[in-house]
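One structure is given below, encoded as structure tokens.
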Amino acid sequence: MRKLKLGVLISGRGSNLQALIDACARPDYPAEIVLVLSNVADAQGRARAKTASIPTAVLDHRTYSNRESFDDAVDALLKKAGVELICLAGFMRILSDKFVRAWLGRLINIHPSLLPAFKGTNVHERVIASGERISGCTVHYVIPELDAGPNIAQAEVPVLEDDTPETLAARVLEAEHSTYPLAVRWIAEDKVRFENGVAVFAND
Ligand code: GRF
């Protein structure tokens with residue numbers, strides 16, 4: 001079975017990376033992780049990759065003079081590893097327009113809200129403060145505008161009366177862990193593709 005080659009970019013905990021590692025471990029899953037790249041040397045996600053014998057690389061953004069030179073280094077490593085699809089998974093750096101345009105349609109992210117609602121950070125605090133009854137997560141193609149690319153997959157979770165940002169985050173995170181591998185599967189199986197700025201689904 002042909003497997004789509006994934007590069008996963010992380011900065012921290014890496015629980016979504018773990019979900020992708022677990023999915024890729026199944027023989028019938030149409031993707032494999034060829035590189036885990038972190039901008040933080042002691043990111044927990046790196047240990048997860050090492051445990052799974054996946055090659056890792058660290059590029060510390062602080063050692064680059066500007067965003068573009070950091071992104072060029074990231075780009076070079078991904079290409080060298082033969083990456084076909086980049087999965088951002090808690091990667092806390094904004095990528096330059098040049099990088100995003102170069103990987104357009106081959107670069108996806110997971111966000112802990114039902115985009116286009118609640119872009120940006122501190123999502124769960126804002127969801128609770130605005131009295132929402134439903135939240136969730138979104139896997140989307142990345143475009144230069146932050147958290148604005150076309151959606152690939154979403155999952156909803158309820159917001160409960162007594163939720164704190166932490167309890168809501170945990171519920172959303174659980175949904176993330178099944179949604180991210182599902183979205184990657186759809187891409188690998190050509191069920192969805194990026195075309196002219198929109199996500200086109202196979203039976204559209
Ligand atoms: C997730 O909530 C994801 O939606 C957001 O960053 C968090 C990363 O968590 N982009 P983890 O590192 O995958 O555990």
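Labels for the structure tokens follow display order: chains A, B, ..., residues from 1 in each chain, ligands from 1.
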
At a cut-off of 10 Å, using only C-alpha atoms, what residues contact Leu146 (chain A)? Leave out same-chain residues fewer than 4 positions from it and give the result as a PyMOL selection string. chain A and resi 94-95+119-120+142

Residues of chain A that have any atom at most 10 Å from an atom of ligand 1: could you tabulate them with the shortest-distance atom pair and the distance in Å to one decimal, using only C-alpha atoms and all ligand atoms, ordered by chain and increasing number, as a tab-separated table?
residue	atom	partner	partner_atom_place_in_ligand_line	distance
A:Leu9	CA	ligand 1	12 (O)	9.7
A:Ile10	CA	ligand 1	12 (O)	6.6
A:Ser11	CA	ligand 1	12 (O)	6.9
A:Gly12	CA	ligand 1	12 (O)	5.0
A:Arg13	CA	ligand 1	12 (O)	4.0
A:Gly14	CA	ligand 1	12 (O)	3.5
A:Ser15	CA	ligand 1	14 (O)	3.5
A:Asn16	CA	ligand 1	13 (O)	3.6
A:Leu17	CA	ligand 1	13 (O)	5.8
A:Gln18	CA	ligand 1	13 (O)	7.6
A:Ala19	CA	ligand 1	13 (O)	8.4
A:Leu20	CA	ligand 1	13 (O)	9.7
A:Ala43	CA	ligand 1	12 (O)	8.8
A:Gln44	CA	ligand 1	12 (O)	8.3
A:Gly45	CA	ligand 1	12 (O)	7.0
A:Leu88	CA	ligand 1	10 (N)	7.4
A:Ala89	CA	ligand 1	13 (O)	5.1
A:Gly90	CA	ligand 1	8 (C)	3.6
A:Phe91	CA	ligand 1	10 (N)	6.9
A:Met92	CA	ligand 1	6 (O)	7.9
A:Asn109	CA	ligand 1	10 (N)	7.0
A:Ile110	CA	ligand 1	4 (O)	4.8
A:His111	CA	ligand 1	4 (O)	3.9
A:Pro112	CA	ligand 1	4 (O)	4.1
A:Ser113	CA	ligand 1	4 (O)	7.8
A:Gly120	CA	ligand 1	10 (N)	9.4
A:Thr121	CA	ligand 1	5 (C)	8.9
A:Val123	CA	ligand 1	2 (O)	9.3
A:His124	CA	ligand 1	2 (O)	9.8
A:Gly136	CA	ligand 1	4 (O)	9.6
A:Cys137	CA	ligand 1	4 (O)	6.8
A:Thr138	CA	ligand 1	4 (O)	7.9
A:Val139	CA	ligand 1	4 (O)	8.6
A:Asp147	CA	ligand 1	10 (N)	9.9
A:Ala169	CA	ligand 1	2 (O)	7.1
A:Ala170	CA	ligand 1	2 (O)	8.6
A:Val172	CA	ligand 1	2 (O)	7.5
A:Leu173	CA	ligand 1	2 (O)	5.7
A:Glu174	CA	ligand 1	2 (O)	9.4
A:Ala175	CA	ligand 1	4 (O)	9.7
A:Glu176	CA	ligand 1	4 (O)	6.7
A:His177	CA	ligand 1	13 (O)	8.3
A:Tyr180	CA	ligand 1	4 (O)	9.4

Could you write those residues out with C-alpha atoms, as an mmCIF file, in the first residue's frame?
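This is the output file result02.cif:
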data_model
loop_
_atom_site.group_PDB
_atom_site.id
_atom_site.type_symbol
_atom_site.label_atom_id
_atom_site.label_comp_id
_atom_site.auth_asym_id
_atom_site.auth_seq_id
_atom_site.Cartn_x
_atom_site.Cartn_y
_atom_site.Cartn_z
ATOM 1 C CA LEU A 9 5.644 20.038 13.226
ATOM 2 C CA ILE A 10 5.373 20.408 16.988
ATOM 3 C CA SER A 11 6.394 22.695 19.820
ATOM 4 C CA GLY A 12 5.203 20.869 22.921
ATOM 5 C CA ARG A 13 3.104 18.079 24.379
ATOM 6 C CA GLY A 14 2.470 16.290 21.094
ATOM 7 C CA SER A 15 -0.745 14.456 21.932
ATOM 8 C CA ASN A 16 -2.030 15.008 18.381
ATOM 9 C CA LEU A 17 1.312 13.734 17.121
ATOM 10 C CA GLN A 18 0.706 10.645 19.281
ATOM 11 C CA ALA A 19 -2.715 10.168 17.699
ATOM 12 C CA LEU A 20 -1.086 10.285 14.256
ATOM 13 C CA ALA A 43 9.242 19.190 23.573
ATOM 14 C CA GLN A 44 7.460 16.152 25.004
ATOM 15 C CA GLY A 45 6.392 15.229 21.494
ATOM 16 C CA LEU A 88 0.986 21.263 12.162
ATOM 17 C CA ALA A 89 0.283 19.811 15.587
ATOM 18 C CA GLY A 90 0.659 22.410 18.289
ATOM 19 C CA PHE A 91 3.422 24.189 16.369
ATOM 20 C CA MET A 92 3.648 27.591 18.010
ATOM 21 C CA ASN A 109 -3.390 22.374 10.918
ATOM 22 C CA ILE A 110 -5.636 21.380 13.787
ATOM 23 C CA HIS A 111 -7.363 24.096 15.794
ATOM 24 C CA PRO A 112 -9.386 23.624 19.009
ATOM 25 C CA SER A 113 -12.575 25.408 17.905
ATOM 26 C CA GLY A 120 -6.363 32.549 17.539
ATOM 27 C CA THR A 121 -5.391 31.701 21.112
ATOM 28 C CA VAL A 123 -9.996 29.631 22.588
ATOM 29 C CA HIS A 124 -11.681 27.764 25.450
ATOM 30 C CA GLY A 136 -15.162 21.357 18.887
ATOM 31 C CA CYS A 137 -12.130 21.133 16.659
ATOM 32 C CA THR A 138 -11.247 21.778 13.041
ATOM 33 C CA VAL A 139 -8.630 20.381 10.693
ATOM 34 C CA ASP A 147 -6.749 30.023 11.036
ATOM 35 C CA ALA A 169 -9.916 21.712 26.474
ATOM 36 C CA ALA A 170 -9.680 18.064 27.552
ATOM 37 C CA VAL A 172 -12.043 19.010 22.679
ATOM 38 C CA LEU A 173 -8.604 17.385 22.702
ATOM 39 C CA GLU A 174 -10.147 13.938 22.777
ATOM 40 C CA ALA A 175 -12.130 14.855 19.667
ATOM 41 C CA GLU A 176 -8.951 16.201 18.048
ATOM 42 C CA HIS A 177 -7.275 12.829 18.457
ATOM 43 C CA TYR A 180 -6.745 14.602 12.826
#

query = Taking into account only C-alpha atoms, which residue in the set A:Ile187, A:Asn39, A:Ala52, A:Thr167 is nearest to Phe70 (chain A)?
reply =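 Closest candidate: A:Asn39.
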
Which residues of region 78-174 of chain A have any atom within 10 Å of an atom in region 62-68 of chain A when counting only C-alpha atoms, and what is the closest pair of atoms for each, with the distance in Å to one decimal? Order the rows by chain and rising number and write it as a tab-separated table.
residue	atom	partner	partner_atom	distance
A:Arg93	CA	A:Arg67	CA	9.1
A:Ile94	CA	A:Arg67	CA	8.5
A:Leu95	CA	A:Arg67	CA	7.5
A:Ser96	CA	A:Glu68	CA	6.3
A:Asp97	CA	A:Glu68	CA	9.0
A:Lys98	CA	A:Glu68	CA	7.8
A:Phe99	CA	A:Glu68	CA	8.0

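For the atom pair formed by CA of Leu37 (chain A) and CA of Glu166 (chain A), the distance is 26.8 Å, given to one decimal.
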
*Calculate how many Å separate CA of Pro150 (chain A) from CA of Ser178 (chain A), rounding to one decimal.*
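Between CA of Pro150 (chain A) and CA of Ser178 (chain A) the gap is 19.1 Å.
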
His61 (chain A) proximity check over A:Leu168, A:Val40, A:Leu6, A:Leu35, using only C-alpha atoms: winner is A:Val40

**Request:** Go through A:Leu78, A:Val127, A:Ala199, A:Leu114 and flag the residue nearest Ile33 (chain A), using only C-alpha atoms for the distances.
**Result:**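 Going through A:Leu78, A:Val127, A:Ala199, A:Leu114 one by one, the smallest distance to Ile33 (chain A) is for A:Leu78.
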
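Taking CA of Val192 (chain A) and CA of Cys87 (chain A) as the two end points, the separation is 15.2 Å.
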
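Proximity ranking of A:Val198, A:Ala129, A:Val184, A:Ile143 relative to Glu161 (chain A) places A:Ala129 first, based on only C-alpha atoms.
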
Open item on the list: Give me, as a ChimeraX atom specification, the residues of chain A that a backbone DSSP run labels strand (DSSP E or B).
Closed with: /A:4-10,31-38,56-58,85-88,107-111,134-141,151-158,192-195,198-201

- Item | Expected answer as a count of residues only: helix (DSSP H, G or I) residues in chain A | 72
